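Undergrad: What follows is run26.txt; its format and atoms are compact mmCIF, C-alpha atoms and all ligand atoms.
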```
# COMPACT_ATOMS: atom_id res chain seq x y z
CA MET A 1 5.44 -44.81 -27.64
CA LYS A 2 9.06 -44.10 -26.63
CA ALA A 3 9.34 -40.76 -28.42
CA LYS A 4 6.19 -39.40 -26.76
CA ALA A 5 7.24 -40.46 -23.27
CA ASP A 6 10.67 -39.02 -23.97
CA ILE A 7 9.20 -35.65 -24.95
CA GLU A 8 6.94 -35.64 -21.87
CA GLU A 9 9.95 -36.30 -19.67
CA ARG A 10 11.99 -33.56 -21.36
CA ILE A 11 9.16 -31.06 -20.92
CA ARG A 12 8.92 -31.98 -17.24
CA ASP A 13 12.68 -31.60 -16.81
CA ALA A 14 12.64 -28.25 -18.63
CA ALA A 15 9.68 -27.02 -16.54
CA ARG A 16 11.49 -27.98 -13.35
CA ALA A 17 14.61 -26.03 -14.43
CA ILE A 18 12.52 -23.00 -15.48
CA ALA A 19 10.33 -22.94 -12.34
CA GLY A 20 13.37 -23.38 -10.14
CA ALA A 21 15.56 -20.83 -11.89
CA ARG A 22 17.03 -18.02 -9.83
CA TRP A 23 17.54 -15.78 -12.91
CA LEU A 24 15.74 -17.11 -16.00
CA THR A 25 16.52 -15.71 -19.45
CA ALA A 26 15.49 -16.44 -23.02
CA PHE A 27 17.46 -16.10 -26.26
CA SER A 28 15.34 -15.93 -29.39
CA GLY A 29 15.93 -16.03 -33.12
CA ALA A 30 13.82 -15.83 -36.26
CA GLY A 31 12.26 -19.24 -35.64
CA ILE A 32 10.09 -17.95 -32.79
CA SER A 33 8.29 -15.70 -35.32
CA VAL A 34 7.80 -18.29 -38.08
CA GLU A 35 4.35 -19.21 -36.69
CA SER A 36 3.48 -15.50 -36.84
CA GLY A 37 4.06 -15.66 -40.59
CA ILE A 38 7.61 -14.30 -40.78
CA PRO A 39 10.02 -16.57 -42.68
CA PRO A 40 13.35 -17.48 -41.04
CA PHE A 41 16.67 -16.51 -42.62
CA ARG A 42 18.00 -20.07 -42.92
CA GLY A 43 16.49 -23.52 -43.26
CA GLU A 44 13.08 -24.21 -44.82
CA ASN A 45 11.72 -21.11 -46.71
CA GLY A 46 14.80 -19.18 -45.54
CA VAL A 47 15.03 -15.56 -46.69
CA TRP A 48 18.66 -16.03 -47.72
CA GLU A 49 17.50 -18.51 -50.36
CA LYS A 50 15.67 -15.64 -52.05
CA TYR A 51 17.91 -12.64 -51.35
CA ASP A 52 21.68 -12.20 -51.33
CA PRO A 53 22.77 -11.29 -47.77
CA GLU A 54 25.00 -8.58 -49.28
CA ILE A 55 21.94 -6.32 -49.60
CA LEU A 56 22.20 -5.99 -45.83
CA ASP A 57 25.96 -5.34 -45.91
CA LEU A 58 26.61 -1.77 -44.76
CA ASP A 59 29.17 -0.93 -47.48
CA PHE A 60 26.93 -2.41 -50.19
CA PHE A 61 23.95 -0.44 -48.84
CA ARG A 62 25.92 2.83 -48.97
CA ALA A 63 27.06 2.11 -52.55
CA HIS A 64 23.80 0.64 -53.90
CA PRO A 65 20.87 1.87 -51.80
CA GLU A 66 18.62 1.56 -54.87
CA ARG A 67 19.24 -2.22 -54.72
CA SER A 68 19.10 -2.69 -50.96
CA TRP A 69 15.97 -0.67 -50.19
CA PRO A 70 13.54 -2.60 -52.45
CA ALA A 71 14.72 -5.87 -50.91
CA ILE A 72 14.45 -4.44 -47.37
CA ARG A 73 10.92 -3.30 -48.12
CA GLU A 74 9.99 -6.74 -49.42
CA MET A 75 11.82 -8.73 -46.73
CA PHE A 76 10.43 -6.79 -43.81
CA THR A 77 7.23 -5.35 -45.18
CA SER A 78 5.14 -7.72 -43.05
CA PHE A 79 6.18 -5.79 -39.96
CA LEU A 80 7.25 -2.42 -41.39
CA GLY A 81 3.58 -1.59 -41.31
CA THR A 82 3.81 -0.66 -44.99
CA GLU A 83 0.44 -0.50 -46.65
CA GLY A 84 -1.18 -3.52 -48.18
CA ARG A 85 0.06 -5.95 -45.56
CA THR A 86 -1.67 -6.91 -42.34
CA PRO A 87 0.86 -6.38 -39.58
CA VAL A 88 2.08 -9.61 -37.99
CA ARG A 89 1.07 -10.55 -34.45
CA PRO A 90 2.87 -12.32 -31.56
CA ASN A 91 2.18 -16.06 -31.31
CA ARG A 92 1.81 -18.33 -28.26
CA ALA A 93 5.57 -18.50 -27.69
CA HIS A 94 5.90 -14.70 -27.47
CA GLU A 95 2.83 -14.58 -25.20
CA VAL A 96 4.20 -17.17 -22.76
CA LEU A 97 7.52 -15.30 -22.48
CA ALA A 98 5.58 -12.08 -21.77
CA GLN A 99 3.47 -13.91 -19.16
CA TRP A 100 6.61 -15.28 -17.46
CA GLU A 101 8.04 -11.74 -17.26
CA LYS A 102 4.76 -10.45 -15.80
CA GLU A 103 4.86 -13.24 -13.17
CA GLY A 104 8.41 -12.21 -12.26
CA LEU A 105 9.75 -15.58 -13.46
CA LEU A 106 11.62 -14.31 -16.58
CA GLN A 107 14.31 -11.68 -16.08
CA CYS A 108 15.38 -10.93 -19.66
CA VAL A 109 14.79 -11.80 -23.30
CA ILE A 110 17.80 -11.38 -25.58
CA THR A 111 16.40 -11.33 -29.10
CA GLN A 112 18.17 -11.33 -32.46
CA ASN A 113 14.88 -10.42 -34.11
CA ILE A 114 13.85 -6.99 -35.39
CA ASP A 115 10.17 -7.82 -35.87
CA GLY A 116 9.09 -6.16 -32.62
CA LEU A 117 6.92 -9.15 -31.61
CA HIS A 118 8.39 -9.59 -28.11
CA ALA A 119 7.58 -5.93 -27.32
CA ALA A 120 4.14 -6.32 -28.90
CA ALA A 121 3.50 -9.34 -26.65
CA GLY A 122 4.41 -7.24 -23.60
CA ASN A 123 8.05 -8.06 -22.76
CA ARG A 124 9.85 -4.99 -21.43
CA LYS A 125 13.04 -6.59 -20.08
CA LEU A 126 14.19 -7.00 -23.65
CA VAL A 127 17.61 -6.73 -25.31
CA GLU A 128 17.23 -6.05 -29.04
CA PHE A 129 20.68 -7.35 -29.97
CA HIS A 130 20.30 -6.55 -33.68
CA GLY A 131 18.46 -3.28 -33.17
CA HIS A 132 14.92 -2.76 -34.43
CA CYS A 133 13.02 -1.29 -37.35
CA ARG A 134 10.86 1.29 -35.55
CA THR A 135 13.08 4.13 -36.83
CA MET A 136 15.71 4.96 -39.44
CA THR A 137 18.70 7.31 -39.17
CA CYS A 138 20.42 9.58 -41.69
CA LEU A 139 23.96 8.30 -42.31
CA ASP A 140 25.14 11.90 -42.86
CA CYS A 141 23.52 14.10 -40.23
CA GLY A 142 22.20 11.50 -37.78
CA ARG A 143 18.57 12.67 -37.94
CA GLN A 144 16.22 9.87 -36.80
CA ILE A 145 12.63 9.49 -38.00
CA PRO A 146 9.96 6.78 -37.65
CA LEU A 147 10.21 3.94 -40.18
CA ASN A 148 6.76 3.14 -41.57
CA GLY A 149 4.80 2.76 -44.79
CA GLU A 150 4.75 6.55 -45.20
CA THR A 151 8.44 7.30 -44.62
CA VAL A 152 9.72 4.45 -46.80
CA ARG A 153 7.46 5.32 -49.72
CA ASP A 154 10.34 6.70 -51.85
CA ALA A 155 12.50 4.15 -53.68
CA VAL A 156 15.51 5.38 -51.69
CA PRO A 157 14.42 7.33 -48.58
CA ARG A 158 16.64 10.38 -48.15
CA CYS A 159 16.99 12.98 -45.41
CA SER A 160 16.31 16.69 -46.02
CA CYS A 161 20.11 17.12 -45.81
CA GLY A 162 20.41 14.79 -48.81
CA GLY A 163 21.88 11.96 -46.72
CA LEU A 164 20.80 8.34 -46.96
CA PHE A 165 18.35 6.97 -44.37
CA LYS A 166 19.33 3.56 -42.94
CA PRO A 167 16.92 1.43 -40.87
CA ASP A 168 18.03 1.19 -37.22
CA PHE A 169 18.61 -2.56 -37.31
CA VAL A 170 22.15 -3.93 -37.45
CA PHE A 171 23.56 -4.59 -40.91
CA PHE A 172 26.30 -7.10 -41.65
CA GLY A 173 29.60 -5.30 -41.10
CA GLU A 174 28.01 -2.99 -38.52
CA GLY A 175 28.73 -3.04 -34.77
CA ILE A 176 26.20 -4.21 -32.19
CA PRO A 177 24.65 -1.28 -30.25
CA PRO A 178 27.00 -0.98 -27.21
CA HIS A 179 24.14 -0.90 -24.67
CA ALA A 180 22.66 -4.08 -26.19
CA MET A 181 26.00 -5.89 -26.05
CA GLU A 182 26.58 -4.87 -22.42
CA GLU A 183 23.06 -5.83 -21.29
CA ALA A 184 23.22 -9.18 -23.11
CA GLU A 185 26.63 -10.07 -21.69
CA ARG A 186 25.46 -9.10 -18.20
CA ALA A 187 22.36 -11.29 -18.54
CA ALA A 188 24.36 -14.21 -19.96
CA ALA A 189 26.81 -13.96 -17.08
CA ARG A 190 24.03 -13.89 -14.45
CA THR A 191 21.52 -16.41 -15.78
CA ASP A 192 21.25 -19.91 -14.31
CA CYS A 193 18.74 -21.08 -16.93
CA MET A 194 18.51 -19.88 -20.55
CA VAL A 195 15.78 -20.99 -22.96
CA LEU A 196 16.99 -20.82 -26.59
CA VAL A 197 14.18 -20.64 -29.12
CA GLY A 198 14.23 -20.56 -32.90
CA THR A 199 17.87 -19.84 -33.62
CA SER A 200 20.44 -21.59 -35.78
CA GLY A 201 23.19 -20.14 -33.59
CA VAL A 202 25.48 -19.25 -36.49
CA VAL A 203 25.65 -15.43 -36.38
CA TYR A 204 28.17 -13.92 -33.97
CA PRO A 205 28.54 -12.12 -31.63
CA ALA A 206 24.86 -12.80 -30.79
CA ALA A 207 25.41 -16.55 -30.97
CA ALA A 208 28.08 -16.29 -28.26
CA MET A 209 25.53 -15.33 -25.57
CA PRO A 210 24.22 -18.88 -24.92
CA VAL A 211 27.83 -20.15 -24.90
CA LEU A 212 28.70 -17.51 -22.27
CA ALA A 213 25.67 -18.55 -20.21
CA LYS A 214 26.66 -22.22 -20.43
CA ARG A 215 30.22 -21.40 -19.42
CA ASN A 216 28.80 -19.64 -16.34
CA GLY A 217 26.95 -22.80 -15.35
CA ALA A 218 23.50 -22.10 -16.77
CA THR A 219 21.15 -24.93 -17.77
CA ILE A 220 20.44 -24.60 -21.49
CA ILE A 221 16.99 -25.56 -22.77
CA GLU A 222 16.54 -25.42 -26.55
CA VAL A 223 13.32 -25.24 -28.61
CA ASN A 224 13.81 -25.92 -32.32
CA PRO A 225 12.15 -28.44 -34.67
CA VAL A 226 15.63 -29.36 -35.94
CA PRO A 227 19.02 -29.50 -34.18
CA SER A 228 21.05 -26.27 -34.34
CA ASP A 229 24.71 -25.41 -33.81
CA TYR A 230 24.02 -25.57 -30.07
CA THR A 231 22.21 -28.88 -29.82
CA GLY A 232 25.12 -31.30 -29.61
CA ARG A 233 27.38 -28.74 -27.94
CA ILE A 234 25.79 -26.80 -25.07
CA THR A 235 22.11 -27.82 -24.95
CA ASP A 236 21.08 -29.73 -21.80
CA ILE A 237 17.40 -30.27 -22.70
CA PHE A 238 16.48 -30.30 -26.40
CA LEU A 239 12.77 -29.96 -27.25
CA PRO A 240 12.49 -30.89 -30.97
CA MET A 241 9.30 -28.90 -31.38
CA LYS A 242 7.90 -25.74 -32.94
CA ALA A 243 7.93 -22.72 -30.65
CA GLY A 244 4.15 -22.28 -30.33
CA GLU A 245 3.47 -25.84 -29.21
CA ALA A 246 6.59 -26.10 -27.04
CA PHE A 247 5.77 -22.94 -25.08
CA ALA A 248 2.12 -23.91 -24.68
CA ARG A 249 3.27 -27.20 -23.12
CA LEU A 250 6.00 -25.52 -21.06
CA ALA A 251 3.55 -22.92 -19.72
CA GLU A 252 1.28 -25.70 -18.44
CA ALA A 253 4.13 -27.73 -16.98
CA VAL A 254 5.75 -24.71 -15.30
CA ALA A 255 2.40 -23.68 -13.77
CA ALA A 256 1.96 -27.23 -12.46
CA GLU A 257 5.54 -27.24 -11.15
CA SER A 258 5.05 -23.88 -9.42
CA ALA A 259 1.74 -25.09 -7.87
CA GLY A 260 3.67 -28.03 -6.47
CA ASP A 261 1.64 -30.58 -8.43
N1 LIG B 301 9.73 -22.85 -34.00
C1 LIG B 301 10.99 -22.84 -33.53
N2 LIG B 301 12.09 -22.78 -34.31
C2 LIG B 301 11.89 -22.76 -35.64
C3 LIG B 301 10.59 -22.78 -36.22
C4 LIG B 301 9.49 -22.83 -35.34
N3 LIG B 301 8.22 -22.86 -35.79
N4 LIG B 301 10.74 -22.74 -37.58
C5 LIG B 301 12.07 -22.70 -37.82
N5 LIG B 301 12.76 -22.72 -36.66
C6 LIG B 301 14.21 -22.70 -36.46
C7 LIG B 301 15.02 -23.23 -37.63
O1 LIG B 301 15.20 -24.63 -37.50
C8 LIG B 301 16.35 -22.48 -37.45
O2 LIG B 301 17.26 -23.23 -36.64
O3 LIG B 301 14.59 -21.36 -36.31
C9 LIG B 301 15.95 -21.21 -36.71
C10 LIG B 301 16.06 -19.96 -37.55
O4 LIG B 301 17.43 -19.78 -37.84
P1 LIG B 301 17.86 -18.47 -38.64
O5 LIG B 301 16.91 -18.24 -39.77
O6 LIG B 301 19.32 -18.61 -38.92
O7 LIG B 301 17.57 -17.29 -37.62
P2 LIG B 301 18.54 -16.69 -36.53
O8 LIG B 301 19.27 -17.77 -35.82
O9 LIG B 301 17.71 -15.77 -35.73
O10 LIG B 301 19.57 -15.83 -37.42
C11 LIG B 301 20.47 -15.00 -36.72
O11 LIG B 301 21.10 -14.03 -38.84
O12 LIG B 301 20.56 -13.11 -40.88
C12 LIG B 301 20.92 -12.81 -39.58
O13 LIG B 301 20.46 -10.84 -38.42
C13 LIG B 301 19.85 -12.01 -38.89
O14 LIG B 301 19.18 -12.10 -36.57
C14 LIG B 301 19.45 -12.89 -37.70
C15 LIG B 301 20.69 -13.75 -37.51
```
Mind turning this structure into structure tokens?
TA:
Amino acid sequence: MKAKADIEERIRDAARAIAGARWLTAFSGAGISVESGIPPFRGENGVWEKYDPEILDLDFFRAHPERSWPAIREMFTSFLGTEGRTPVRPNRAHEVLAQWEKEGLLQCVITQNIDGLHAAAGNRKLVEFHGHCRTMTCLDCGRQIPLNGETVRDAVPRCSCGGLFKPDFVFFGEGIPPHAMEEAERAAARTDCMVLVGTSGVVYPAAAMPVLAKRNGATIIEVNPVPSDYTGRITDIFLPMKAGEAFARLAEAVAAESAGD
């Protein structure tokens, strides 16, 4: 069947580019965590179909924390560790990326995600472009405390100084952490092969990283069941697949490539 042979050939081409990369990177979005049970923001079952993105706008949050916090709790409860929910776990795609870092093949993961699943899988060379939700910081005095089921128990978590606690992930209207921006730009400038997984590529400046890599001559491999903003523009090898299956197949093909099969 043409489609099957085509996919096989694309996986072989992608594995060759990955195994032969001098400085391999990955760029992940919410789609890599869908098979871990976390809904994406856009597309099928997208979070933004249920919530208004303004709840994650910084000015709105300051003015209406009593409206933002309940939605944040609901949206992210699966990995805030709040009671009543089994914490989510990395899936095969996260595990393969962690394995490739351990083998010295993968140099950096730039993730837009705040679910912590790349770190849980074992990746350490990790750029959390949109921050994380391990802690929250007081907008008045800057005090930082862990963010967990206990500390977000109150409807609107407040600091002992009376200030508002804000989770340490990036809100709309908020700048990208400077160290994350620098590290991501450095990786995008240096990479000769970037694997994009599970991202619609519509939120900047994160979405500019693959474009920067492409401009610097990198081969772009993309894993997404449906075409994204990148597919017809910068993607060299498009794998129209879910992340879990794609990375399971890539892991096999890269191992075979590296063994010289
Ligand atoms: N495997 C791979 N990709 C998948 C899967 C899957 N199983 N399921 C869905 N996808 C794809 C969708 O087709 C979509 O292109 O993942 C992508 C998810 O896109 P978004 O929900 O827009 O996620 P992302 O690109 O990470 O969003 C960027 O937007 O709301 C902000 O800050 C938030 O970091 C987020 C940013």
Undergrad: Which chains and residue numbers are within 7 Å of ligand LIG 301 (chain B), counting all atoms listed in the file, if I want them as a VMD selection string?
TA: chain A and resid 28 to 32 34 to 35 40 to 43 46 112 to 113 130 197 to 203 223 to 228 241 to 244
Undergrad: Quick one, how far is CA of Thr191 in chain A from CA of Trp23 in chain A?
TA: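 CA of Thr191 in chain A sits 4.9 Å away from CA of Trp23 in chain A.
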Undergrad: Just how far from CA of Val156 in chain A is CA of Gln144 in chain A, in Å to one decimal?
TA: 15.6 Å
Undergrad: Could you pull the residues within 10 Å of range 50-66 of chain A, counting all atoms listed in the file, minus those fewer than 3 positions along the same chain, as an NGL selection string?
TA: :A and (41 or 45-47 or 69-72 or 75 or 139 or 155-157 or 164-166 or 169-174)
Undergrad: Let me make sure I understand: among A:Ile114, A:Ala188, A:Ile18, A:Cys161, which one has the smallest atom-to-atom distance to Thr137 in chain A if we use all atoms listed in the file?
TA: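 Smallest distance to Thr137 in chain A is found for A:Cys161.
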Undergrad: Applying 8 Å and all atoms listed in the file, which residues near range 210-215 of chain A remain after dropping the ones on its own chain fewer than 2 positions away? List them as a CSV table (one decimal) with C-alpha atoms, in the frame of the given file.
TA:
```
chain,number,residue,atom,x,y,z
A,27,PHE,CA,17.5,-16.1,-26.3
A,185,GLU,CA,26.6,-10.1,-21.7
A,188,ALA,CA,24.4,-14.2,-20.0
A,189,ALA,CA,26.8,-14.0,-17.1
A,190,ARG,CA,24.0,-13.9,-14.4
A,191,THR,CA,21.5,-16.4,-15.8
A,192,ASP,CA,21.2,-19.9,-14.3
A,194,MET,CA,18.5,-19.9,-20.6
A,196,LEU,CA,17.0,-20.8,-26.6
A,207,ALA,CA,25.4,-16.6,-31.0
A,208,ALA,CA,28.1,-16.3,-28.3
A,217,GLY,CA,27.0,-22.8,-15.4
A,218,ALA,CA,23.5,-22.1,-16.8
A,219,THR,CA,21.2,-24.9,-17.8
A,220,ILE,CA,20.4,-24.6,-21.5
A,234,ILE,CA,25.8,-26.8,-25.1
```
Undergrad: Can you tell me which residues surround Ser258 in chain A at a distance of at most 9 Å, considering all atoms listed in the file, apart from same-chain residues fewer than 2 positions away, and format the answer as a ChimeraX atom specification?
TA: /A:16,19-20,253-256,260-261
Undergrad: Just the number, please: distance in Å from CA of Arg249 in chain A to CA of Ala17 in chain A, one decimal.
TA: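 If I compute the distance from CA of Arg249 in chain A to CA of Ala17 in chain A, I get 14.3 Å.
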Undergrad: Produce the centre coordinates and the three edge lengths, each in Å to one decimal, of the box along x, y and z that contains all listed atoms of range 205-208 of chain A with 8 Å added on each side, as AutoDock Vina command-line options.
TA:
```
--center_x 26.7 --center_y -14.3 --center_z -29.9 --size_x 19.7 --size_y 20.4 --size_z 19.4
```
Undergrad: Which of these, A:Gly37, A:Gly131, A:Gly116, A:Pro146, has the shortest distance to Pro177 in chain A once you count all atoms listed in the file?
TA: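 Of A:Gly37, A:Gly131, A:Gly116, A:Pro146, the one nearest Pro177 in chain A, counting all atoms listed in the file, is A:Gly131.
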Undergrad: From the options A:Gly175, A:Arg89, A:Glu150, A:Leu105, which residue's atoms come nearest to Phe129 in chain A, counting all atoms listed in the file?
TA: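 For Phe129 in chain A, the nearest of the candidates is A:Gly175.
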Undergrad: Please return as a PDB file with C-alpha atoms, keeping the file's coordinate frame every residue within 6 Å of (7.0, -16.8, -30.0), taking into account only C-alpha atoms and the file's own coordinates.
TA:
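Written out: point19.pdb:
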```
ATOM      1  CA  ILE A  32      10.090 -17.950 -32.790  1.00  0.00           C
ATOM      2  CA  SER A  33       8.290 -15.700 -35.320  1.00  0.00           C
ATOM      3  CA  ASN A  91       2.180 -16.060 -31.310  1.00  0.00           C
ATOM      4  CA  ARG A  92       1.810 -18.330 -28.260  1.00  0.00           C
ATOM      5  CA  ALA A  93       5.570 -18.500 -27.690  1.00  0.00           C
ATOM      6  CA  HIS A  94       5.900 -14.700 -27.470  1.00  0.00           C
TER       7      HIS A  94
END
```
